[in-house]
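Text of the file final_34.cif, holding mmCIF, C-alpha atoms and all ligand atoms:
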```
data_my_file
loop_
_atom_site.label_atom_id
_atom_site.label_comp_id
_atom_site.auth_asym_id
_atom_site.auth_seq_id
_atom_site.Cartn_x
_atom_site.Cartn_y
_atom_site.Cartn_z
CA MET A 31 49.82 61.79 -73.51
CA SER A 32 51.14 64.79 -75.41
CA ALA A 33 52.16 68.05 -73.73
CA THR A 34 49.18 69.91 -75.26
CA ALA A 35 46.71 67.45 -73.85
CA THR A 36 48.31 67.58 -70.44
CA GLN A 37 47.90 71.35 -70.38
CA THR A 38 44.23 71.32 -71.38
CA ALA A 39 43.12 68.32 -69.34
CA THR A 40 41.73 68.51 -65.84
CA ALA A 41 43.48 65.82 -63.90
CA GLN A 42 41.30 63.32 -62.08
CA PRO A 43 41.76 62.63 -58.40
CA VAL A 44 43.95 59.56 -58.13
CA LEU A 45 42.27 57.08 -55.83
CA SER A 46 44.22 54.80 -53.62
CA LEU A 47 43.28 51.17 -54.05
CA LYS A 48 41.20 51.00 -50.89
CA THR A 49 39.06 54.03 -51.74
CA ASN A 50 38.43 52.72 -55.26
CA PRO A 51 34.71 51.79 -55.41
CA LEU A 52 35.53 48.66 -57.40
CA TYR A 53 38.15 47.37 -54.99
CA ASN A 54 37.36 44.05 -53.37
CA GLU A 55 39.19 40.96 -52.11
CA LYS A 56 39.60 39.71 -55.70
CA THR A 57 41.20 42.84 -57.15
CA HIS A 58 44.75 41.76 -56.51
CA LEU A 59 44.22 38.30 -58.03
CA ILE A 60 42.60 39.77 -61.16
CA GLU A 61 45.32 42.36 -61.67
CA LYS A 62 48.07 39.81 -61.11
CA THR A 63 46.49 37.26 -63.49
CA ALA A 64 45.94 39.89 -66.20
CA ALA A 65 49.48 41.25 -65.90
CA GLN A 66 50.88 37.77 -66.31
CA ILE A 67 48.70 36.92 -69.32
CA THR A 68 49.39 40.16 -71.14
CA SER A 69 53.16 40.00 -70.63
CA GLN A 70 53.59 36.72 -72.50
CA THR A 71 53.91 35.82 -76.18
CA TYR A 72 51.99 32.78 -77.40
CA GLY A 73 52.38 32.57 -81.18
CA ASP A 74 48.61 32.50 -81.75
CA TRP A 75 45.49 34.71 -81.63
CA ARG A 76 46.18 35.59 -78.00
CA ASP A 77 49.04 37.82 -79.17
CA GLU A 78 46.69 39.75 -81.46
CA LEU A 79 44.11 40.11 -78.73
CA ASN A 80 46.73 41.44 -76.33
CA SER A 81 48.47 43.74 -78.81
CA GLN A 82 45.47 45.06 -80.82
CA GLY A 83 42.68 44.76 -78.27
CA TYR A 84 40.63 42.34 -80.38
CA CYS A 85 40.97 39.22 -82.50
CA VAL A 86 38.93 36.63 -84.37
CA VAL A 87 39.23 32.96 -83.43
CA LYS A 88 38.45 31.39 -86.79
CA GLY A 89 36.10 28.43 -86.95
CA ALA A 90 35.57 28.10 -83.20
CA ILE A 91 32.55 25.97 -84.14
CA SER A 92 31.68 24.59 -87.57
CA ALA A 93 29.66 26.62 -90.07
CA GLU A 94 26.98 23.90 -89.95
CA LYS A 95 26.61 24.20 -86.20
CA ALA A 96 26.49 27.99 -86.49
CA GLN A 97 23.67 27.69 -89.04
CA ALA A 98 21.77 25.31 -86.74
CA TYR A 99 22.01 27.80 -83.84
CA ARG A 100 20.89 30.57 -86.21
CA GLU A 101 17.80 28.54 -87.07
CA ASP A 102 17.19 27.97 -83.36
CA ILE A 103 17.17 31.76 -82.96
CA PHE A 104 14.74 32.34 -85.83
CA ASN A 105 12.49 29.57 -84.48
CA TRP A 106 12.60 31.17 -81.04
CA MET A 107 11.51 34.48 -82.62
CA LYS A 108 8.69 32.73 -84.46
CA SER A 109 7.54 31.06 -81.23
CA LEU A 110 6.73 34.59 -80.02
CA ARG A 111 5.77 36.21 -83.33
CA PRO A 112 4.53 33.59 -85.80
CA ASN A 113 4.27 36.18 -88.60
CA PHE A 114 8.01 36.80 -88.66
CA ASP A 115 9.75 35.13 -91.59
CA GLU A 116 13.49 35.60 -91.95
CA ASN A 117 13.17 35.03 -95.70
CA ASP A 118 10.45 37.60 -96.29
CA LYS A 119 11.44 41.24 -95.77
CA SER A 120 7.81 42.37 -95.83
CA THR A 121 7.38 40.68 -92.42
CA TRP A 122 10.23 42.63 -90.82
CA THR A 123 8.09 45.12 -88.92
CA PRO A 124 8.15 46.02 -85.20
CA GLU A 125 4.78 44.20 -84.74
CA ASN A 126 6.30 40.98 -86.06
CA LEU A 127 9.38 41.07 -83.84
CA PRO A 128 9.66 40.13 -80.17
CA GLY A 129 10.35 43.14 -77.93
CA CYS A 130 13.98 44.12 -78.39
CA SER A 131 16.39 46.91 -77.43
CA LYS A 132 17.53 49.91 -79.46
CA ILE A 133 20.56 47.89 -80.47
CA SER A 134 18.51 44.93 -81.77
CA THR A 135 19.37 42.74 -78.80
CA TYR A 136 16.95 40.30 -77.21
CA THR A 137 17.25 39.88 -73.45
CA ASN A 138 13.66 39.32 -72.39
CA TYR A 139 11.43 36.25 -72.45
CA CYS A 140 14.16 34.32 -70.52
CA VAL A 141 16.09 33.93 -73.79
CA PRO A 142 19.48 33.93 -72.01
CA HIS A 143 18.48 30.53 -70.61
CA GLU A 144 16.88 28.89 -73.62
CA ASP A 145 18.26 25.42 -74.25
CA PHE A 146 19.91 26.54 -77.51
CA PHE A 147 21.74 29.38 -75.74
CA TRP A 148 23.13 27.07 -73.04
CA ARG A 149 24.18 24.50 -75.62
CA LEU A 150 25.96 27.29 -77.48
CA ARG A 151 27.72 28.54 -74.32
CA ASN A 152 28.77 24.98 -73.56
CA GLU A 153 30.34 24.48 -77.02
CA PRO A 154 33.97 23.44 -76.46
CA GLY A 155 35.08 25.69 -79.34
CA PHE A 156 33.87 28.78 -77.47
CA LYS A 157 34.56 27.73 -73.90
CA ASP A 158 38.02 26.42 -74.64
CA ALA A 159 39.11 29.65 -76.33
CA PHE A 160 38.40 31.53 -73.12
CA ALA A 161 39.98 28.78 -71.02
CA LYS A 162 43.12 29.03 -73.17
CA TYR A 163 43.21 32.80 -72.83
CA TRP A 164 42.77 32.80 -69.06
CA GLY A 165 44.93 29.68 -68.53
CA ASP A 166 42.06 28.36 -66.44
CA ASP A 167 39.16 26.07 -67.33
CA LYS A 168 37.12 26.78 -64.22
CA LEU A 169 34.99 29.48 -65.81
CA LEU A 170 31.82 31.46 -65.28
CA VAL A 171 29.82 32.66 -68.27
CA SER A 172 27.67 35.76 -68.77
CA PHE A 173 23.87 35.61 -69.11
CA ASP A 174 23.89 38.02 -72.01
CA ALA A 175 21.70 38.61 -75.05
CA ILE A 176 21.36 37.59 -78.67
CA ASN A 177 21.33 40.14 -81.47
CA VAL A 178 19.32 39.87 -84.67
CA SER A 179 19.82 42.92 -86.91
CA LEU A 180 17.73 43.05 -90.07
CA PRO A 181 19.11 44.98 -93.08
CA GLY A 182 16.84 47.87 -94.03
CA TYR A 183 14.78 47.49 -90.86
CA LYS A 184 13.46 50.86 -89.79
CA SER A 185 12.42 51.59 -86.28
CA ASP A 186 12.25 55.05 -84.74
CA ASP A 187 14.71 54.41 -82.01
CA LEU A 188 17.28 52.11 -83.61
CA LYS A 189 20.61 53.27 -82.22
CA THR A 190 22.99 51.13 -84.25
CA THR A 191 22.61 53.12 -87.47
CA LYS A 192 24.85 55.78 -85.85
CA PRO A 193 28.13 55.22 -84.00
CA TRP A 194 27.89 54.76 -80.21
CA PRO A 195 31.54 54.36 -79.26
CA HIS A 196 32.17 53.15 -75.74
CA VAL A 197 34.30 50.97 -73.53
CA ASP A 198 32.84 48.39 -71.16
CA SER A 199 35.49 48.90 -68.49
CA SER A 200 35.18 51.49 -65.74
CA PRO A 201 37.85 54.19 -65.30
CA TYR A 202 38.25 52.67 -61.83
CA ARG A 203 39.63 49.44 -63.30
CA ASN A 204 43.34 48.92 -63.45
CA GLY A 205 44.43 46.93 -66.49
CA LEU A 206 42.68 44.19 -68.43
CA THR A 207 39.73 42.78 -66.51
CA CYS A 208 37.26 41.37 -68.98
CA ILE A 209 37.30 39.77 -72.42
CA GLN A 210 34.03 40.02 -74.34
CA GLY A 211 32.95 37.60 -77.03
CA ILE A 212 30.63 37.42 -80.00
CA ALA A 213 29.65 34.03 -81.37
CA ALA A 214 29.14 34.84 -85.05
CA LEU A 215 26.36 32.73 -86.55
CA ALA A 216 26.23 34.58 -89.90
CA PRO A 217 28.90 36.08 -92.16
CA ALA A 218 29.87 39.75 -91.86
CA GLY A 219 31.68 41.77 -94.52
CA GLU A 220 31.96 45.52 -94.98
CA LYS A 221 28.25 46.08 -95.76
CA ASP A 222 26.96 43.82 -93.02
CA GLY A 223 26.20 44.43 -89.38
CA SER A 224 29.21 43.73 -87.18
CA LEU A 225 31.40 44.90 -84.36
CA ILE A 226 33.35 48.11 -84.98
CA VAL A 227 36.59 48.25 -83.03
CA TYR A 228 39.16 50.96 -82.52
CA LYS A 229 42.21 48.76 -82.84
CA ASN A 230 44.92 49.51 -80.22
CA SER A 231 42.65 51.79 -78.17
CA HIS A 232 42.82 49.44 -75.15
CA LYS A 233 46.46 50.47 -74.68
CA TYR A 234 45.63 54.12 -74.13
CA ILE A 235 42.18 54.40 -72.60
CA GLU A 236 43.34 54.26 -68.99
CA GLU A 237 45.91 57.01 -69.59
CA PHE A 238 43.19 59.04 -71.35
CA PHE A 239 40.86 58.62 -68.35
CA LYS A 240 43.56 59.46 -65.81
CA ASN A 241 44.57 62.59 -67.73
CA GLY A 242 41.04 63.95 -67.74
CA GLY A 243 39.96 62.75 -71.18
CA ILE A 244 36.40 62.43 -69.92
CA PRO A 245 34.78 64.58 -67.24
CA GLU A 246 34.57 63.41 -63.65
CA GLU A 247 30.75 63.02 -63.81
CA LYS A 248 31.32 60.16 -66.23
CA TRP A 249 33.56 58.24 -63.82
CA HIS A 250 31.32 55.50 -62.60
CA PRO A 251 31.83 52.05 -61.13
CA ALA A 252 29.48 50.59 -63.76
CA ASP A 253 31.67 49.18 -66.51
CA ASN A 254 30.39 51.29 -69.36
CA VAL A 255 31.66 54.65 -70.57
CA GLN A 256 30.14 56.20 -73.68
CA LEU A 257 32.50 58.60 -75.48
CA SER A 258 31.08 61.79 -76.96
CA THR A 259 32.09 62.77 -80.50
CA GLU A 260 34.48 65.34 -79.08
CA GLU A 261 36.04 62.93 -76.59
CA LEU A 262 36.59 60.37 -79.33
CA GLU A 263 38.13 63.00 -81.61
CA ASN A 264 40.51 64.08 -78.85
CA PHE A 265 41.40 60.47 -78.19
CA LEU A 266 42.15 59.78 -81.85
CA LYS A 267 44.31 62.91 -82.15
CA LEU A 268 46.37 61.84 -79.17
CA TYR A 269 46.88 58.26 -80.31
CA PRO A 270 47.47 58.11 -84.07
CA ASP A 271 48.04 54.36 -84.21
CA VAL A 272 44.42 53.75 -83.20
CA GLU A 273 42.48 52.51 -86.21
CA LYS A 274 38.73 52.14 -86.66
CA LEU A 275 37.63 49.00 -88.47
CA LYS A 276 34.73 46.63 -88.91
CA VAL A 277 35.42 43.05 -87.87
CA HIS A 278 34.72 40.61 -90.71
CA VAL A 279 33.66 37.10 -89.81
CA GLU A 280 32.38 33.83 -91.15
CA PRO A 281 29.75 31.70 -89.43
CA GLY A 282 31.28 29.84 -86.49
CA ASP A 283 33.97 32.46 -85.77
CA LEU A 284 34.42 33.90 -82.32
CA ILE A 285 35.24 37.60 -81.96
CA LEU A 286 37.09 38.45 -78.78
CA TRP A 287 37.88 41.90 -77.48
CA ASP A 288 39.28 43.53 -74.40
CA SER A 289 36.53 45.56 -72.67
CA ARG A 290 38.94 48.53 -72.65
CA THR A 291 38.89 48.62 -76.46
CA ILE A 292 36.61 51.35 -77.83
CA HIS A 293 33.87 49.64 -79.83
CA TYR A 294 30.25 49.59 -80.90
CA GLY A 295 27.91 47.38 -82.87
CA ALA A 296 26.95 48.64 -86.33
CA ALA A 297 23.65 47.82 -88.02
CA PRO A 298 23.82 46.27 -91.50
CA ASP A 299 23.78 48.71 -94.43
CA ASP A 300 20.39 48.86 -96.14
CA ASP A 301 21.74 46.91 -99.11
CA SER A 302 23.34 44.16 -97.03
CA ASP A 303 21.81 40.77 -97.65
CA VAL A 304 22.77 39.26 -94.31
CA ILE A 305 20.69 39.23 -91.14
CA ARG A 306 23.26 39.80 -88.42
CA THR A 307 22.78 36.92 -85.99
CA ILE A 308 25.05 36.69 -82.98
CA ALA A 309 25.19 35.63 -79.35
CA TYR A 310 27.18 37.61 -76.79
CA ILE A 311 29.29 35.28 -74.69
CA SER A 312 31.94 36.21 -72.15
CA TYR A 313 33.68 33.84 -69.75
CA SER A 314 35.96 34.67 -66.83
CA PRO A 315 37.77 32.60 -64.23
CA ALA A 316 35.30 31.63 -61.49
CA SER A 317 38.00 32.60 -58.99
CA PHE A 318 37.46 36.29 -59.95
CA ALA A 319 33.95 36.35 -58.45
CA THR A 320 33.28 37.43 -54.88
CA GLU A 321 30.80 35.49 -52.74
CA GLU A 322 28.38 38.41 -53.09
CA ALA A 323 28.61 38.34 -56.89
CA LEU A 324 28.05 34.57 -56.94
CA ALA A 325 24.99 34.91 -54.70
CA ALA A 326 23.59 37.66 -56.94
CA LYS A 327 24.29 35.59 -60.06
CA ASN A 328 22.53 32.62 -58.54
CA GLU A 329 19.45 34.73 -57.80
CA VAL A 330 19.31 35.90 -61.43
CA PHE A 331 19.78 32.34 -62.65
CA LYS A 332 16.90 31.10 -60.48
CA GLN A 333 14.66 33.67 -62.15
CA TRP A 334 16.00 32.88 -65.65
CA GLY A 335 17.12 36.49 -65.95
CA GLY A 336 19.82 38.20 -67.95
CA THR A 337 22.86 40.18 -66.81
CA THR A 338 25.44 42.32 -68.57
CA HIS A 339 28.24 40.70 -70.58
CA TRP A 340 30.30 40.46 -67.39
CA ALA A 341 30.42 36.90 -66.10
CA PHE A 342 31.83 37.54 -62.61
CA ASP A 343 30.91 41.11 -61.73
CA ASN A 344 28.24 43.69 -62.62
CA ILE A 345 25.59 41.13 -61.86
CA ASN A 346 22.79 43.61 -62.48
CA ALA A 347 19.67 41.61 -63.14
CA ARG A 348 17.94 42.30 -66.43
CA LEU A 349 14.47 41.14 -65.47
CA PHE A 350 12.63 43.51 -67.74
CA LYS A 351 9.09 42.87 -68.83
CA ALA A 352 8.72 42.43 -72.57
CA THR A 353 6.63 45.07 -74.31
CA LEU A 354 4.77 45.53 -77.57
CA PRO A 355 5.67 48.37 -80.01
CA ASN A 356 2.87 50.48 -78.42
CA GLY A 357 4.56 50.15 -75.03
CA GLU A 358 1.97 47.80 -73.53
CA LEU A 359 3.09 44.65 -71.76
CA ASP A 360 3.52 41.73 -74.12
CA PRO A 361 0.97 39.02 -73.30
CA ALA A 362 3.40 36.51 -74.88
CA ASP A 363 6.03 37.27 -72.18
CA ARG A 364 7.44 34.24 -70.39
CA THR A 365 8.54 33.41 -66.89
CA GLU A 366 10.65 30.49 -68.02
CA PRO A 367 12.38 29.50 -71.26
CA LEU A 368 10.26 27.82 -73.92
CA HIS A 369 12.76 24.96 -74.04
CA LEU A 370 14.34 24.45 -70.64
CA PRO A 371 18.09 23.77 -70.70
CA GLU A 372 19.42 20.47 -69.50
CA LEU A 373 21.13 21.53 -66.30
CA SER A 374 24.26 19.41 -66.44
CA ASP A 375 27.05 19.86 -63.90
CA GLU A 376 29.06 21.69 -66.54
CA ILE A 377 26.27 24.18 -67.14
CA LEU A 378 25.55 24.70 -63.45
CA LYS A 379 29.23 25.45 -62.88
CA LEU A 380 29.37 27.91 -65.77
CA ALA A 381 26.27 29.57 -64.33
CA GLY A 382 27.92 29.86 -60.91
CA ALA A 383 25.12 27.77 -59.39
CA LYS A 384 27.52 24.96 -58.49
CA ARG A 385 31.11 25.29 -57.26
CA TYR A 386 34.10 23.84 -59.09
O1 LIG B 401 26.87 44.31 -81.09
C1 LIG B 401 28.05 44.58 -81.04
O2 LIG B 401 28.85 44.34 -81.96
C2 LIG B 401 28.64 45.22 -79.82
C3 LIG B 401 27.74 45.32 -78.67
C4 LIG B 401 28.49 45.82 -77.48
O3 LIG B 401 28.87 46.94 -77.41
C5 LIG B 401 28.82 44.90 -76.41
O4 LIG B 401 28.43 43.73 -76.45
O5 LIG B 401 29.49 45.33 -75.48
FE FE B 402 30.03 47.20 -75.57
#
```

For the file at hand, write its structure as structure tokens.
Amino acid sequence: MSATATQTATAQPVLSLKTNPLYNEKTHLIEKTAAQITSQTYGDWRDELNSQGYCVVKGAISAEKAQAYREDIFNWMKSLRPNFDENDKSTWTPENLPGCSKISTYTNYCVPHEDFFWRLRNEPGFKDAFAKYWGDDKLLVSFDAINVSLPGYKSDDLKTTKPWPHVDSSPYRNGLTCIQGIAALAPAGEKDGSLIVYKNSHKYIEEFFKNGGIPEEKWHPADNVQLSTEELENFLKLYPDVEKLKVHVEPGDLILWDSRTIHYGAAPDDDSDVIRTIAYISYSPASFATEEALAAKNEVFKQWGGTTHWAFDNINARLFKATLPNGELDPADRTEPLHLPELSDEILKLAGAKRY
């Protein structure tokens, strides 16, 4: 950090490991594993991920498979809202869409556990990329959402038309802890909806936090810190090699990023002709999870609920009731997936419901 910043910043209290609210019996293992992974050179995409804070694993699954999963998603939408037609813009109204978030993600209706979503999570092309990164094939996977962003779609509270820069790693974390993933099922170029990353920002965010870059009220054990416009501007002034860019992908690619990388999801431009269609998938070594986290994950799994993108921690159940645009409860809400997944040993282990 530059001298100017040091003078203006209010230093944060430095917490010893044991008074850190995120400290648990796995902290040492996670920090040791991450330090080892990030200190090596591999000669492949892992080097980009470590040095830039993000990368694209090209063709993790075939374009044909990606298209089939995309159709599964549209069919799932139509199972709840038969008037929705992905090929007819006039049907893209809030009434014709299942209840979704301000960032066009679908978490409700037990969608994290639909058969298509578990088949996607169990795709070797996705799973093996994470196994390669972590040097460990005994993984847990997140119960996260899908995202369907329609170009030109107008809804009062859509958040993705403006930047919402954030990191998904708490200031109380020390080093790399989580790798997030996007399974891209549709192409994304400059006009299309995609992930915006601030390349290289993962290298500096911890220093920025420790030097008072964000106020103490925003230090929270939850792994999400939104940066205000001013905080982001200060950050970018301090670290000139940080570069904002949109990640371009083809169907079947896997975007990976370090949760310390500043990022946000951008809606498609109005004149884009691609419906952004993605699934959020993040895998971590099962050994990173505490017994408490595994028990909590199991409870969510039993109820077919969603969690955050974290696979081994932050197991905060998303068991929200689906609503209609007028705020009333959606009578089409479900208590189990429309198509139940086949609960193979592999899937149960990924879900944390069975031990490796
Ligand atoms: O939709 C996106 O590209 C990013 C969403 C996001 O911020 C996340 O998954 O952590
Ligand atoms: Fe995020």

Within 7 Å of ligand FE 402 (chain B) (only C-alpha atoms and all ligand atoms), residues as a PyMOL selection string:
chain A and resi 196-198+293-294

Ligand LIG 401 (chain B): which residues are within 6 Å, counting only C-alpha atoms and all ligand atoms? Reply as a list of chain:residue names.
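Using only C-alpha atoms and all ligand atoms, I find these residues within 6 Å of ligand LIG 401 (chain B): A:Ser224, A:Leu225, A:Tyr294, A:Gly295.
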
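Of the listed residues (A:Asp167, A:Glu144, A:Glu220, A:Glu261), A:Asp167 comes nearest to Ser317 (chain A); the distances count all atoms listed in the file.
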
Can I get the residues of region 289-340 of chain A within 10 Å of region 87-108 of chain A, each with the closest pair of atoms and their distance in Å to one decimal, using only C-alpha atoms, sorted chain first then ascending number, as JSON lines?
```
{"residue": "A:Ile305", "atom": "CA", "partner": "A:Arg100", "partner_atom": "CA", "distance": 10.0}
{"residue": "A:Arg306", "atom": "CA", "partner": "A:Arg100", "partner_atom": "CA", "distance": 9.8}
{"residue": "A:Thr307", "atom": "CA", "partner": "A:Arg100", "partner_atom": "CA", "distance": 6.6}
{"residue": "A:Ile308", "atom": "CA", "partner": "A:Arg100", "partner_atom": "CA", "distance": 8.1}
{"residue": "A:Ala309", "atom": "CA", "partner": "A:Arg100", "partner_atom": "CA", "distance": 9.5}
```

Using only C-alpha atoms, which of A:Ala362, A:Gly336, A:Thr63, A:Pro193 sits nearest Phe350 (chain A)?
A:Gly336

With all atoms listed in the file as the atoms that count, which of A:Gly219, A:Pro315, A:Pro201, A:Gly242 lies nearest to Ala64 (chain A)?
A:Pro315

Quick one: residues within 10 Å of Ser185 (chain A), all atoms listed in the file counted, chain neighbours fewer than 2 positions away excluded, as a list in words?
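Everything that qualifies: Thr123, Pro124, Lys132, Gly182, Tyr183, Asp187, Leu188, Lys189 and Pro355 of chain A.
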